$ cat start.txt   # compact mmCIF, C-alpha atoms
# COMPACT_ATOMS: atom_id res chain seq x y z
CA MET A 864 -5.61 27.39 -10.84
CA LEU A 865 -2.74 27.25 -13.33
CA TRP A 866 0.03 28.05 -10.84
CA ARG A 867 -1.23 25.33 -8.48
CA ARG A 868 -1.22 22.73 -11.24
CA ILE A 869 2.32 23.72 -12.28
CA CYS A 870 3.53 23.32 -8.68
CA LYS A 871 1.99 19.84 -8.50
CA LEU A 872 3.70 18.72 -11.70
CA VAL A 873 7.06 20.11 -10.52
CA ILE A 874 6.81 18.16 -7.24
CA VAL A 875 5.94 14.95 -9.09
CA SER A 876 8.80 15.38 -11.55
CA VAL A 877 11.36 16.02 -8.80
CA LEU A 878 10.29 12.88 -6.95
CA PHE A 879 10.59 10.72 -10.08
CA VAL A 880 14.05 12.08 -10.96
CA ALA A 881 15.40 11.85 -7.40
CA ALA A 882 14.25 8.29 -6.80
CA PHE A 883 15.59 6.86 -10.04
CA ALA A 884 18.87 8.79 -9.92
CA VAL A 885 20.19 6.36 -7.28
CA ALA A 886 19.98 3.55 -9.84
CA ASP A 887 21.95 5.43 -12.49
CA GLU A 888 25.46 4.16 -11.81
CA PRO A 889 28.14 3.04 -14.33
CA ALA A 890 28.27 -0.60 -15.29
CA ASP A 891 31.95 -0.76 -14.29
CA SER A 892 31.85 0.73 -10.80
CA SER A 893 34.03 -1.61 -8.76
CA ALA A 894 36.22 1.27 -7.55
CA VAL A 895 33.20 3.19 -6.32
CA LYS A 896 31.81 0.14 -4.51
CA THR A 897 35.18 -0.52 -2.83
CA ASP A 898 35.26 3.03 -1.49
CA SER A 899 31.71 2.82 -0.17
CA VAL A 900 32.50 -0.39 1.73
CA ALA A 901 35.55 1.27 3.32
CA VAL A 902 33.44 4.23 4.42
CA ALA A 903 30.82 1.89 5.86
CA ASP A 904 33.45 0.06 7.91
CA SER A 905 34.89 3.22 9.45
CA THR A 906 31.80 5.36 10.09
CA GLY A 907 28.93 2.90 10.48
CA LEU A 908 27.21 4.06 7.29
CA LYS A 909 25.43 1.17 5.59
CA THR A 910 24.08 1.23 2.06
CA SER A 911 22.30 -1.43 0.07
CA ARG A 912 20.61 -1.83 -3.30
CA GLU A 913 18.05 -4.50 -3.98
CA GLY A 914 15.69 -5.42 -6.77
CA THR A 915 12.78 -7.78 -6.19
CA LEU A 916 10.82 -9.57 -8.88
CA SER A 917 7.46 -10.81 -7.64
CA ILE A 918 4.69 -12.96 -9.07
CA VAL A 919 1.46 -11.93 -7.36
CA SER A 920 -1.37 -14.47 -7.46
CA LEU A 921 -4.79 -13.20 -6.39
CA LEU A 922 -7.97 -15.13 -5.69
CA LEU A 923 -11.15 -13.06 -5.41
CA PRO A 924 -14.12 -14.97 -3.88
CA HIS A 925 -17.70 -14.44 -5.02
CA ASN A 926 -18.45 -11.73 -2.44
CA SER A 927 -15.72 -9.58 -4.02
CA LEU A 928 -17.21 -10.12 -7.49
CA LYS A 929 -20.96 -9.94 -6.82
CA ASN A 930 -21.26 -6.38 -8.12
CA SER A 931 -18.90 -6.79 -11.07
CA GLU A 932 -20.44 -6.07 -14.45
CA THR A 933 -18.90 -9.14 -16.09
CA LEU A 934 -17.96 -11.52 -13.23
CA HIS A 935 -20.93 -11.27 -10.84
CA ASN A 936 -22.01 -14.89 -11.42
CA TRP A 937 -18.56 -16.39 -10.95
CA PRO A 938 -17.80 -18.37 -7.73
CA PHE A 939 -14.27 -16.95 -7.75
CA PHE A 940 -11.74 -15.31 -10.05
CA ALA A 941 -7.98 -15.96 -9.92
CA PHE A 942 -5.10 -14.35 -11.79
CA ALA A 943 -1.34 -13.86 -11.49
CA VAL A 944 0.70 -10.81 -12.48
CA PRO A 945 4.39 -9.82 -12.29
CA ALA A 946 5.70 -6.86 -10.28
CA TYR A 947 9.15 -5.35 -9.80
CA THR A 948 10.48 -3.19 -6.96
CA TYR A 949 13.86 -1.49 -6.62
CA HIS A 950 15.16 -0.25 -3.24
CA PHE A 951 18.15 1.88 -2.33
CA LYS A 952 18.63 2.02 1.46
CA VAL A 953 20.93 4.08 3.66
CA GLN A 954 21.40 3.60 7.40
CA GLN A 955 23.64 5.55 9.76
CA ASP A 956 24.02 4.28 13.32
CA PHE A 957 25.00 6.65 16.12
CA GLY A 958 25.88 4.12 18.77
CA LYS A 959 23.19 1.70 19.91
CA LEU A 960 20.59 4.32 20.79
CA LEU A 961 19.97 6.25 17.58
CA SER A 962 19.87 5.39 13.86
CA PHE A 963 18.96 7.33 10.74
CA LYS A 964 17.38 5.43 7.85
CA GLY A 965 16.75 6.58 4.30
CA LEU A 966 14.96 4.80 1.47
CA ALA A 967 14.39 5.53 -2.21
CA SER A 968 12.30 3.04 -4.15
CA GLY A 969 10.39 2.57 -7.36
CA ASP A 970 7.90 -0.12 -8.29
CA VAL A 971 6.01 -1.32 -11.34
CA ASN A 972 2.95 -3.57 -11.05
CA PHE A 973 -0.36 -4.29 -12.78
CA ALA A 974 -1.96 -1.19 -11.19
CA GLY A 975 0.71 1.30 -12.27
CA VAL A 976 4.11 2.86 -11.49
CA GLY A 977 5.09 4.39 -8.15
CA VAL A 978 8.02 6.16 -6.52
CA LYS A 979 8.70 7.02 -2.88
CA LEU A 980 11.38 8.67 -0.75
CA ASP A 981 11.40 7.90 2.98
CA ALA A 982 13.44 9.18 5.93
CA ALA A 983 13.17 7.91 9.50
CA ILE A 984 14.91 7.96 12.86
CA GLU A 985 15.04 4.87 15.04
CA LEU A 986 15.55 4.81 18.81
CA MET A 987 17.16 1.70 20.30
CA HIS A 988 16.01 -0.22 17.21
CA LEU A 989 12.55 -0.31 18.80
CA LEU A 990 10.80 3.01 18.10
CA GLU A 991 10.73 4.42 14.57
CA LEU A 992 9.44 7.83 13.44
CA GLY A 993 9.47 8.76 9.77
CA ALA A 994 8.03 10.67 6.84
CA GLU A 995 7.59 9.58 3.23
CA ALA A 996 6.99 11.52 0.01
CA ASN A 997 5.38 9.51 -2.78
CA THR A 998 3.95 9.80 -6.25
CA GLY A 999 2.58 7.44 -8.86
CA THR A 1000 0.53 6.94 -11.98
CA ALA A 1001 -1.88 4.11 -12.69
CA LEU A 1002 -3.18 2.02 -15.59
CA ASN A 1003 -6.67 1.47 -16.93
CA TYR A 1004 -7.99 -1.67 -18.59
CA GLY A 1005 -11.02 -0.51 -20.54
CA ARG A 1006 -14.32 -1.64 -19.02
CA THR A 1007 -12.64 -4.37 -16.98
CA ALA A 1008 -10.99 -2.17 -14.34
CA THR A 1009 -10.62 1.53 -13.67
CA PHE A 1010 -7.42 2.25 -11.75
CA MET A 1011 -6.98 5.90 -12.63
CA GLY A 1012 -9.48 8.75 -12.94
CA VAL A 1013 -11.96 11.04 -11.17
CA TYR A 1014 -15.44 9.83 -10.25
CA ARG A 1015 -18.33 11.60 -11.99
CA PRO A 1016 -21.54 11.27 -9.86
CA GLU A 1017 -23.77 12.55 -12.63
CA LYS A 1018 -22.55 9.77 -14.96
CA ARG A 1019 -22.18 7.21 -12.13
CA LYS A 1020 -18.72 6.15 -13.34
CA TYR A 1021 -15.05 7.15 -13.46
CA ARG A 1022 -13.37 9.32 -16.04
CA ARG A 1023 -10.53 7.11 -17.32
CA ASP A 1024 -7.33 9.16 -17.39
CA ILE A 1025 -4.45 8.09 -19.61
CA MET A 1026 -1.21 6.94 -17.93
CA PHE A 1027 1.42 9.70 -17.43
CA THR A 1028 -1.15 12.46 -17.96
CA GLU A 1029 -2.18 12.69 -14.28
CA TYR A 1030 -0.44 11.69 -11.03
CA ALA A 1031 -1.22 10.88 -7.43
CA TYR A 1032 1.15 12.38 -4.88
CA GLY A 1033 1.33 12.91 -1.14
CA MET A 1034 3.04 12.53 2.21
CA ARG A 1035 2.87 9.74 4.78
CA TYR A 1036 3.87 10.21 8.43
CA HIS A 1037 4.45 6.93 10.20
CA THR A 1038 5.56 5.47 13.50
CA ALA A 1039 6.22 1.93 14.68
CA LEU A 1040 6.98 0.43 18.08
CA THR A 1041 8.55 -3.03 18.24
CA ILE A 1042 8.08 -5.04 21.43
CA PRO A 1043 10.29 -8.18 21.52
CA LEU A 1044 8.11 -10.48 23.60
CA LEU A 1045 10.77 -13.17 23.20
CA ALA A 1046 12.89 -11.23 25.73
CA PHE A 1047 10.27 -11.84 28.44
CA LEU A 1048 9.36 -15.44 27.56
CA PRO A 1049 11.22 -18.66 28.37
CA LYS A 1050 13.88 -19.21 25.72
CA SER A 1051 12.93 -21.93 23.25
CA ASP A 1052 12.28 -22.52 19.57
CA TRP A 1053 8.57 -21.91 20.21
CA THR A 1054 8.71 -18.58 22.07
CA LYS A 1055 10.29 -16.29 19.46
CA ILE A 1056 7.45 -13.78 19.29
CA ILE A 1057 7.53 -10.08 18.40
CA LEU A 1058 4.69 -7.57 18.62
CA LYS A 1059 4.81 -4.50 16.39
CA GLY A 1060 2.40 -1.59 16.71
CA THR A 1061 2.04 0.92 13.86
CA ALA A 1062 0.26 4.19 13.16
CA GLU A 1063 0.25 6.44 10.11
CA LEU A 1064 -1.34 9.62 8.81
CA ARG A 1065 -1.34 10.03 5.05
CA TYR A 1066 -2.12 13.01 2.88
CA SER A 1067 -2.98 12.18 -0.73
CA ALA A 1068 -3.88 14.30 -3.75
CA TYR A 1069 -4.36 13.90 -7.49
CA THR A 1070 -3.31 16.34 -10.20
CA GLY A 1071 -6.55 15.74 -12.09
CA ALA A 1072 -8.96 16.24 -9.18
CA GLU A 1073 -10.37 19.27 -7.43
CA ASP A 1074 -11.04 19.26 -3.68
CA LYS A 1075 -14.05 17.13 -2.62
CA GLU A 1076 -13.82 15.00 -5.78
CA VAL A 1077 -13.29 11.25 -5.39
CA TRP A 1078 -10.49 9.75 -7.47
CA LYS A 1079 -8.47 6.59 -8.04
CA ALA A 1080 -4.82 6.21 -8.92
CA GLY A 1081 -4.33 2.63 -7.76
CA ASN A 1082 -6.64 0.24 -5.94
CA GLU A 1083 -8.68 2.43 -3.58
CA ASN A 1084 -10.95 5.44 -3.66
CA MET A 1085 -9.34 8.64 -2.37
CA VAL A 1086 -9.95 12.37 -1.95
CA ASN A 1087 -7.55 15.29 -1.63
CA GLY A 1088 -7.15 14.94 2.11
CA PHE A 1089 -5.95 12.86 5.05
CA LYS A 1090 -6.41 9.19 5.81
CA TYR A 1091 -5.29 7.33 8.95
CA LYS A 1092 -4.39 3.73 9.79
CA TYR A 1093 -3.35 2.14 13.05
CA GLY A 1094 -2.96 -1.41 14.24
CA GLY A 1095 -0.53 -4.11 15.18
CA THR A 1096 1.19 -7.24 13.90
CA LEU A 1097 2.07 -10.35 15.88
CA ILE A 1098 5.18 -11.96 14.39
CA TYR A 1099 5.90 -15.59 15.27
CA MET A 1100 9.28 -17.02 14.30
CA MET A 1101 8.67 -20.72 13.72
CA PRO A 1102 11.19 -23.60 13.93
CA PHE A 1103 10.41 -24.90 10.45
CA GLU A 1104 12.73 -24.72 7.45
CA ARG A 1105 9.98 -24.22 4.85
CA VAL A 1106 7.65 -22.04 6.97
CA PRO A 1107 10.01 -19.86 9.03
CA MET A 1108 7.49 -17.20 10.08
CA ALA A 1109 3.78 -16.61 10.65
CA MET A 1110 2.09 -13.26 11.24
CA LEU A 1111 -1.29 -11.86 12.19
CA ALA A 1112 -2.01 -8.21 11.35
CA VAL A 1113 -5.02 -6.23 12.60
CA ASN A 1114 -5.61 -2.70 11.28
CA ALA A 1115 -8.25 0.02 11.40
CA SER A 1116 -8.34 2.76 8.76
CA GLY A 1117 -10.53 5.56 7.48
CA PHE A 1118 -10.68 9.12 6.18
CA LYS A 1119 -9.90 11.74 8.79
CA HIS A 1120 -12.41 14.38 7.65
CA GLU A 1121 -15.85 13.66 6.22
CA TYR A 1122 -16.03 17.22 4.88
CA ASP A 1123 -13.27 16.38 2.37
CA PHE A 1124 -16.03 14.69 0.32
CA ASP A 1125 -18.70 16.28 -1.80
CA ASP A 1126 -22.26 16.18 -0.40
CA ALA A 1127 -23.19 13.60 -3.05
CA TYR A 1128 -21.34 10.95 -0.97
CA LYS A 1129 -23.06 11.65 2.36
CA ASP A 1130 -25.08 8.39 2.29
CA TYR A 1131 -21.88 6.46 1.57
CA ASN A 1132 -20.64 7.55 5.03
CA PRO A 1133 -17.05 8.66 4.27
CA SER A 1134 -16.17 8.57 8.01
CA PHE A 1135 -16.71 4.78 8.18
CA VAL A 1136 -13.86 2.87 9.89
CA THR A 1137 -12.68 -0.22 8.00
CA VAL A 1138 -11.19 -3.02 10.13
CA SER A 1139 -9.06 -5.75 8.55
CA ILE A 1140 -7.58 -8.98 9.90
CA THR A 1141 -4.83 -10.54 7.80
CA PRO A 1142 -3.15 -13.86 8.69
CA MET A 1143 0.10 -14.45 6.82
CA ALA A 1144 2.69 -17.19 6.46
CA SER A 1145 6.20 -16.85 5.04
CA ILE A 1146 7.31 -19.75 2.85
CA LYS A 1147 10.89 -20.56 1.88
CA VAL A 1148 10.85 -22.28 -1.51
CA SER A 1149 14.58 -22.31 -2.28
CA GLN A 1150 17.74 -20.28 -1.72
CA LYS A 1151 16.59 -17.72 -4.30
CA TRP A 1152 12.79 -17.86 -4.10
CA ASN A 1153 10.53 -17.01 -1.17
CA GLY A 1154 6.78 -16.83 -0.83
CA MET A 1155 4.09 -15.20 1.28
CA LEU A 1156 0.57 -16.59 1.67
CA MET A 1157 -2.08 -14.27 3.12
CA ALA A 1158 -5.83 -13.83 3.40
CA SER A 1159 -7.75 -10.63 4.11
CA VAL A 1160 -10.91 -10.64 6.22
CA SER A 1161 -12.42 -7.20 6.73
CA ARG A 1162 -15.34 -5.26 8.16
CA ASP A 1163 -16.75 -3.10 5.38
CA ARG A 1164 -19.85 -1.08 4.62
CA LYS A 1165 -23.17 -2.85 4.14
CA PHE A 1166 -25.48 -1.06 1.71
CA GLU A 1167 -29.23 -0.78 1.36
CA ASN A 1168 -29.08 -2.30 -2.13
CA HIS A 1169 -27.63 -5.80 -2.31
CA ARG A 1170 -26.85 -5.66 -6.02
CA TYR A 1171 -25.55 -2.61 -7.84
CA PRO A 1172 -22.98 -1.89 -10.57
CA THR A 1173 -19.46 -1.63 -9.13
CA THR A 1174 -19.11 1.94 -10.36
CA GLU A 1175 -22.14 3.00 -8.29
CA GLU A 1176 -20.82 1.97 -4.87
CA LEU A 1177 -19.92 5.56 -3.93
CA LEU A 1178 -23.57 6.59 -4.36
CA GLN A 1179 -25.04 3.75 -2.27
CA LYS A 1180 -26.63 4.25 1.15
CA GLN A 1181 -24.86 2.53 4.02
CA VAL A 1182 -27.16 0.75 6.47
CA GLY A 1183 -24.63 -1.20 8.54
CA SER A 1184 -21.44 -3.25 8.32
CA GLU A 1185 -20.47 -6.82 7.47
CA TRP A 1186 -17.47 -9.12 7.81
CA ASP A 1187 -16.30 -11.22 4.91
CA LEU A 1188 -13.30 -12.83 3.22
CA ARG A 1189 -12.17 -10.33 0.58
CA THR A 1190 -8.97 -11.67 -0.94
CA VAL A 1191 -6.54 -14.57 -0.82
CA MET A 1192 -3.06 -13.75 -2.09
CA PHE A 1193 0.17 -15.66 -2.70
CA VAL A 1194 3.33 -13.78 -3.61
CA MET A 1195 6.46 -15.46 -5.00
CA SER A 1196 9.54 -13.22 -4.96
CA ARG A 1197 13.19 -13.32 -5.96
CA LYS A 1198 15.73 -10.74 -4.84
CA PHE A 1199 18.63 -9.57 -7.01

$ encode --input "start.txt" --output "structure tokens"
Amino acid sequence: MLWRRICKLVIVSVLFVAAFAVADEPADSSAVKTDSVAVADSTGLKTSREGTLSIVSLLLPHNSLKNSETLHNWPFFAFAVPAYTYHFKVQQDFGKLLSFKGLASGDVNFAGVGVKLDAAIELMHLLELGAEANTGTALNYGRTATFMGVYRPEKRKYRRDIMFTEYAYGMRYHTALTIPLLAFLPKSDWTKIILKGTAELRYSAYTGAEDKEVWKAGNENMVNGFKYKYGGTLIYMMPFERVPMAMLAVNASGFKHEYDFDDAYKDYNPSFVTVSITPMASIKVSQKWNGMLMASVSRDRKFENHRYPTTEELLQKQVGSEWDLRTVMFVMSRKF
């Protein structure tokens, strides 16, 4: 309906304006910055602005390419792309028990442009509860990659929407519990271990999609509905100058309601639970540059057909599941 579409566009516009307004300060603002520091000293209010330039290098092994129209015979495919993220953070501490945290951020990468506003409360710096509003628009690269559009089952492919004509938007409710295992272990350089459990419920929608339609505005297939993710990360602080930290993340995710999908996707099994295991290592290159090396191993759907065009995955019949290495990624970043 027309009124519903207008409301969606208004919400998207407000999010874009609000998130980027925090970056719109005068070039000569030393007086303003001096005042903000004084306020922070007297009330405990902390603010920070940070821009991060990243070079994202991706390696896709053959199993991730086997159904590609142009790369299905390749043993692997590697590429590197730039990305930029800007954060404005606010934190107000009320003693040692309670903190309020706010975040406004915008990012630009090879898949599109995104904006988010996040607010959270933190108890004893261990338990965090928050909510995030987000929106974004994606890019398309002809026949090579479809990052934005609604899937058309009758044509067995996506409709490629033009950037800034349609938007994804939604809410994310998240919680995290940090358990400092290092407090219970013998103190040494080899026992600095932290365990962090997380859970989130995310509602996503697309201005160009009706309910039950599958769409993309980024890297994954979505519907107008809820998706969940829960898991944990083991963080190991290491006594090495160049490799200061290693992590192991395990997550399970899926769509909350199978009825959010059209009946055409029944064989695809929309209620399937995807499990991922991601080892990571933080690398310190220099005073200004840092890196992160990670690999993603996941349990995904196994289909009746072993070879099919990538755009026909949503219409395949699932017959089981399989584990495989999906991606290897290295990210170089510099903060400003």

$ residues_around --input "start.txt" --residues "Lys1151 in chain A" --least-positions-apart "4" --cutoff "9 Å" --atoms "only C-alpha atoms" --output "PyMOL selection string"
chain A and resi 1147+1196-1199

$ closest_atom_pairs --input "start.txt" --of "range 920-1016 of chain A" --to "range 1030-1045 of chain A" --cutoff "9 Å" --atoms "all atoms listed in the file" --output "CSV"
residue,atom,partner,partner_atom,distance
A:Asp981,CA,A:Arg1035,CA,8.9
A:Ala983,CA,A:His1037,CA,8.8
A:His988,CA,A:Thr1041,CA,8.0
A:Leu989,CA,A:Thr1041,CA,4.9
A:Leu990,CA,A:Leu1040,CA,4.6
A:Glu991,CA,A:Ala1039,CA,5.2
A:Leu992,CA,A:Thr1038,CA,4.5
A:Gly993,CA,A:His1037,CA,5.4
A:Ala994,CA,A:Tyr1036,CA,4.5
A:Glu995,CA,A:Arg1035,CA,5.0
A:Ala996,CA,A:Met1034,CA,4.6
A:Asn997,CA,A:Tyr1032,CA,5.5
A:Thr998,CA,A:Tyr1032,CA,4.0
A:Gly999,CA,A:Ala1031,CA,5.3
A:Thr1000,CA,A:Tyr1030,CA,4.9
A:Ala1001,CA,A:Tyr1030,CA,7.9
A:Met1011,CA,A:Tyr1030,CA,8.9

$ residues_around --input "start.txt" --residues "Val1113 in chain A" --least-positions-apart "6" --cutoff "8 Å" --atoms "only C-alpha atoms" --output "PyMOL selection string"
chain A and resi 1094-1096+1138-1141

$ write_last_selection --input "start.txt" --atoms "C-alpha atoms" --output "PDB file, keeping the file's coordinate frame"
ATOM      1  CA  GLY A1094      -2.960  -1.410  14.240  1.00  0.00           C
ATOM      2  CA  GLY A1095      -0.530  -4.110  15.180  1.00  0.00           C
ATOM      3  CA  THR A1096       1.190  -7.240  13.900  1.00  0.00           C
ATOM      4  CA  VAL A1138     -11.190  -3.020  10.130  1.00  0.00           C
ATOM      5  CA  SER A1139      -9.060  -5.750   8.550  1.00  0.00           C
ATOM      6  CA  ILE A1140      -7.580  -8.980   9.900  1.00  0.00           C
ATOM      7  CA  THR A1141      -4.830 -10.540   7.800  1.00  0.00           C
TER       8      THR A1141
END

$ atom_distance --input "start.txt" --atom1 "CA of Leu980 in chain A" --atom2 "CA of Ser920 in chain A"
27.3 Å

$ closest_residue --input "start.txt" --among "A:Asn1168, A:Asn1132, A:Ser968, A:Ser1159" --to "Val953 in chain A" --atoms "only C-alpha atoms"
A:Ser968

$ closest_atom_pairs --input "start.txt" --of "range 947-996 of chain A" --to "range 1006-1010 of chain A" --cutoff "10 Å" --atoms "only C-alpha atoms" --output "tab-separated table"
residue	atom	partner	partner_atom	distance
A:Phe973	CA	A:Phe1010	CA	9.7
A:Ala974	CA	A:Phe1010	CA	6.5
A:Gly975	CA	A:Phe1010	CA	8.2

$ closest_atom_pairs --input "start.txt" --of "range 921-1032 of chain A" --to "range 911-916 of chain A" --cutoff "8 Å" --atoms "only C-alpha atoms" --output "CSV"
residue,atom,partner,partner_atom,distance
A:Pro945,CA,A:Leu916,CA,7.3
A:Ala946,CA,A:Leu916,CA,6.0
A:Tyr947,CA,A:Leu916,CA,4.6
A:Thr948,CA,A:Thr915,CA,5.2
A:Tyr949,CA,A:Gly914,CA,4.3
A:His950,CA,A:Glu913,CA,5.2
A:Phe951,CA,A:Arg912,CA,4.6
A:Lys952,CA,A:Ser911,CA,5.2
A:Val953,CA,A:Ser911,CA,6.7

$ atom_distance --input "start.txt" --atom1 "CA of Thr1174 in chain A" --atom2 "CA of Trp1078 in chain A"
12.0 Å

$ closest_residue --input "start.txt" --among "A:Phe1047, A:Gly1071, A:Val1191, A:Pro1016" --to "Gln1179 in chain A" --atoms "all atoms listed in the file"
A:Pro1016

$ residues_around --input "start.txt" --residues "Asp1163 in chain A" --least-positions-apart "3" --cutoff "8 Å" --atoms "all atoms listed in the file" --output "list in words"
Thr1137, Val1138, Ser1184, Glu1185 and Trp1186 of chain A

$ closest_residue --input "start.txt" --among "A:Glu1175, A:Glu1063, A:Asp970, A:Asp1024" --to "Lys1092 in chain A" --atoms "all atoms listed in the file"
A:Glu1063

$ residues_around --input "start.txt" --residues "Val919 in chain A" --least-positions-apart "2" --cutoff "6 Å" --atoms "all atoms listed in the file" --output "PyMOL selection string"
chain A and resi 943-944+1194

$ atom_distance --input "start.txt" --atom1 "CA of Val1013 in chain A" --atom2 "CA of Phe1089 in chain A"
17.4 Å
